[in-house]
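Data from upload_22.pdb: PDB, C-alpha atoms
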```
ATOM      1  CA  MET A   1      20.247  77.430  29.817
ATOM      2  CA  ALA A   2      21.963  74.075  30.222
ATOM      3  CA  GLN A   3      22.053  71.753  27.257
ATOM      4  CA  ARG A   4      20.923  68.142  27.388
ATOM      5  CA  GLY A   5      24.461  66.704  27.260
ATOM      6  CA  ASP A   6      25.927  69.087  29.868
ATOM      7  CA  ARG A   7      25.181  66.745  32.765
ATOM      8  CA  ALA A   8      26.937  63.838  31.064
ATOM      9  CA  LYS A   9      29.966  66.034  30.314
ATOM     10  CA  LEU A  10      30.143  67.226  33.913
ATOM     11  CA  GLU A  11      29.870  63.653  35.191
ATOM     12  CA  ALA A  12      32.713  62.617  32.894
ATOM     13  CA  ILE A  13      34.899  65.479  34.146
ATOM     14  CA  PHE A  14      34.109  64.634  37.749
ATOM     15  CA  ALA A  15      34.859  60.962  37.137
ATOM     16  CA  ALA A  16      38.309  61.959  35.883
ATOM     17  CA  GLU A  17      39.069  64.700  38.434
ATOM     18  CA  GLY A  18      36.745  63.871  41.327
ATOM     19  CA  GLU A  19      39.348  62.442  43.662
ATOM     20  CA  SER A  20      41.579  65.474  43.217
ATOM     21  CA  LEU A  21      38.644  67.834  43.803
ATOM     22  CA  VAL A  22      37.606  65.982  46.942
ATOM     23  CA  ARG A  23      41.165  65.982  48.312
ATOM     24  CA  THR A  24      41.465  69.729  47.598
ATOM     25  CA  ALA A  25      38.149  70.453  49.345
ATOM     26  CA  ILE A  26      39.205  68.368  52.345
ATOM     27  CA  GLY A  27      42.564  70.155  52.455
ATOM     28  CA  MET A  28      40.808  73.534  52.396
ATOM     29  CA  ALA A  29      38.458  72.412  55.163
ATOM     30  CA  LEU A  30      41.363  71.199  57.296
ATOM     31  CA  ALA A  31      43.142  74.507  56.681
ATOM     32  CA  GLY A  32      40.216  76.370  58.228
ATOM     33  CA  ASP A  33      38.052  77.293  55.214
ATOM     34  CA  SER A  34      34.658  77.195  56.933
ATOM     35  CA  SER A  35      32.740  77.030  53.646
ATOM     36  CA  ALA A  36      34.764  74.036  52.468
ATOM     37  CA  LEU A  37      34.388  72.472  55.903
ATOM     38  CA  LYS A  38      30.602  72.864  55.820
ATOM     39  CA  GLN A  39      30.339  71.440  52.312
ATOM     40  CA  SER A  40      32.590  68.516  53.201
ATOM     41  CA  LEU A  41      30.645  67.700  56.347
ATOM     42  CA  ASP A  42      27.304  68.086  54.545
ATOM     43  CA  ARG A  43      28.454  65.490  52.006
ATOM     44  CA  LEU A  44      29.911  63.152  54.593
ATOM     45  CA  MET A  45      26.958  63.445  56.982
ATOM     46  CA  PRO A  46      23.847  64.722  55.198
ATOM     47  CA  PRO A  47      20.935  65.800  57.388
ATOM     48  CA  VAL A  48      18.663  62.951  58.359
ATOM     49  CA  LYS A  49      15.296  63.364  56.686
ATOM     50  CA  GLU A  50      13.592  60.473  58.422
ATOM     51  CA  ARG A  51      14.555  57.828  60.880
ATOM     52  CA  LEU A  52      12.998  54.671  62.154
ATOM     53  CA  ILE A  53      11.267  55.120  65.459
ATOM     54  CA  LYS A  54      10.322  52.547  68.038
ATOM     55  CA  VAL A  55       7.435  53.401  70.309
ATOM     56  CA  ALA A  56       5.409  50.861  72.253
ATOM     57  CA  LEU A  57       1.806  51.318  71.156
ATOM     58  CA  PRO A  58      -1.224  49.279  72.089
ATOM     59  CA  PRO A  59      -2.909  47.467  69.196
ATOM     60  CA  VAL A  60      -5.355  49.613  67.253
ATOM     61  CA  ALA A  61      -7.990  47.153  66.065
ATOM     62  CA  SER A  62     -10.943  49.531  66.194
ATOM     63  CA  ALA A  63     -11.804  53.193  66.649
ATOM     64  CA  ASN A  64     -12.215  52.457  70.370
ATOM     65  CA  ASP A  65      -8.476  51.691  70.621
ATOM     66  CA  VAL A  66      -7.398  55.061  69.218
ATOM     67  CA  PRO A  67      -7.417  57.113  72.466
ATOM     68  CA  ALA A  68      -5.029  54.678  74.188
ATOM     69  CA  ALA A  69      -2.673  54.714  71.196
ATOM     70  CA  ILE A  70      -2.664  58.516  71.051
ATOM     71  CA  ALA A  71      -2.074  58.641  74.816
ATOM     72  CA  ALA A  72       0.959  56.360  74.356
ATOM     73  CA  VAL A  73       2.387  58.706  71.708
ATOM     74  CA  VAL A  74       1.780  61.783  73.876
ATOM     75  CA  GLY A  75       3.479  59.998  76.763
ATOM     76  CA  ALA A  76       6.513  59.168  74.621
ATOM     77  CA  VAL A  77       6.762  62.809  73.506
ATOM     78  CA  SER A  78       6.403  64.113  77.059
ATOM     79  CA  ARG A  79       9.135  61.756  78.308
ATOM     80  CA  GLY A  80      11.479  62.918  75.532
ATOM     81  CA  GLU A  81      11.546  59.522  73.818
ATOM     82  CA  LEU A  82      10.073  60.954  70.636
ATOM     83  CA  PRO A  83      10.410  64.393  69.016
ATOM     84  CA  THR A  84       7.197  66.402  68.804
ATOM     85  CA  SER A  85       7.228  66.351  64.998
ATOM     86  CA  GLU A  86       7.410  62.558  64.921
ATOM     87  CA  GLY A  87       4.720  62.302  67.586
ATOM     88  CA  THR A  88       2.495  64.526  65.480
ATOM     89  CA  ALA A  89       3.106  62.304  62.447
ATOM     90  CA  LEU A  90       2.222  59.173  64.448
ATOM     91  CA  VAL A  91      -0.952  60.746  65.817
ATOM     92  CA  SER A  92      -1.897  61.668  62.256
ATOM     93  CA  MET A  93      -1.480  58.046  61.142
ATOM     94  CA  ILE A  94      -3.457  56.773  64.130
ATOM     95  CA  SER A  95      -6.203  59.306  63.353
ATOM     96  CA  ALA A  96      -6.301  58.076  59.752
ATOM     97  CA  MET A  97      -6.807  54.557  61.097
ATOM     98  CA  ARG A  98      -9.676  55.847  63.253
ATOM     99  CA  GLN A  99     -11.298  57.453  60.217
ATOM    100  CA  ALA A 100     -10.954  54.215  58.253
ATOM    101  CA  TYR A 101     -12.521  52.167  61.056
ATOM    102  CA  GLU A 102     -15.362  54.678  61.386
ATOM    103  CA  LEU A 103     -15.980  54.608  57.637
ATOM    104  CA  VAL A 104     -16.185  50.813  57.628
ATOM    105  CA  ASP A 105     -18.545  50.939  60.626
ATOM    106  CA  LEU A 106     -20.793  53.546  58.974
ATOM    107  CA  ALA A 107     -20.913  51.546  55.745
ATOM    108  CA  ALA A 108     -21.958  48.429  57.679
ATOM    109  CA  ARG A 109     -24.652  50.383  59.554
ATOM    110  CA  LEU A 110     -25.999  51.895  56.345
ATOM    111  CA  GLU A 111     -26.086  48.497  54.685
ATOM    112  CA  ALA A 112     -28.020  47.067  57.675
ATOM    113  CA  ILE A 113     -30.529  49.936  57.518
ATOM    114  CA  GLU A 114     -31.000  49.464  53.777
ATOM    115  CA  ARG A 115     -31.607  45.719  54.258
ATOM    116  CA  ALA A 116     -34.186  46.450  56.977
ATOM    117  CA  LEU A 117     -36.183  48.828  54.749
ATOM    118  CA  PRO A 118     -39.087  47.346  52.831
ATOM    119  CA  GLY A 119     -38.296  46.729  49.190
ATOM    120  CA  PRO A 120     -39.911  48.688  46.331
TER     121      PRO A 120
END
```
As structure tokens, what does this structure read like?
Amino acid sequence: MAQRGDRAKLEAIFAAEGESLVRTAIGMALAGDSSALKQSLDRLMPPVKERLIKVALPPVASANDVPAAIAAVVGAVSRGELPTSEGTALVSMISAMRQAYELVDLAARLEAIERALPGP
């Protein structure tokens, strides 16, 4: 099991020898070592976890606006402007907005009903 100070020691070693290690790994990659090449490229260009997306959506000011917004996302996915996974994430956010609007609406309706009931 690693000791508490091991990370600091390794960082100190890398600080002293890091440039040499990187140059060696790059040399191995350039010489055809596919493992070194993969590791070098993974460090230079790590996989993108998330990216900003730009999709024209209509305003969603109430639950009634949700179908048009979802239709815009589905259209963007079907035209290839947006990957399916990102479209799914957007639809999920739009659906959460719908649920929030519905909850606010239900709370207002319940409050109106309670006010209309005769008091005790």
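In this comparison, which uses all atoms listed in the file, the residue of A:Ile94, A:Asp33, A:Ala15, A:Ser20 approaching A:Val66 most closely is A:Ile94.
Interatomic distance, atom CA of A:Pro83 to atom CA of A:Ala56: 14.8 Å.
Minimum distance to A:Ser85 across A:Met45, A:Met97, A:Ile53, A:Ala61 (counting all atoms listed in the file) occurs at A:Ile53.
When atom CA of A:Val91 is paired with atom CA of A:Ala107, their separation reads 24.2 Å.
Residues having any atom no farther than 12 Å from (37.8, 69.9, 47.8) (counting all atoms listed in the file) are Phe14, Glu17, Gly18, Glu19, Ser20, Leu21, Val22, Arg23, Thr24, Ala25, Ile26, Gly27, Met28, Ala29, Leu30, Ala31, Asp33, Ser35, Ala36, Leu37, Lys38, Gln39, Ser40, Leu41 and Arg43 of chain A.
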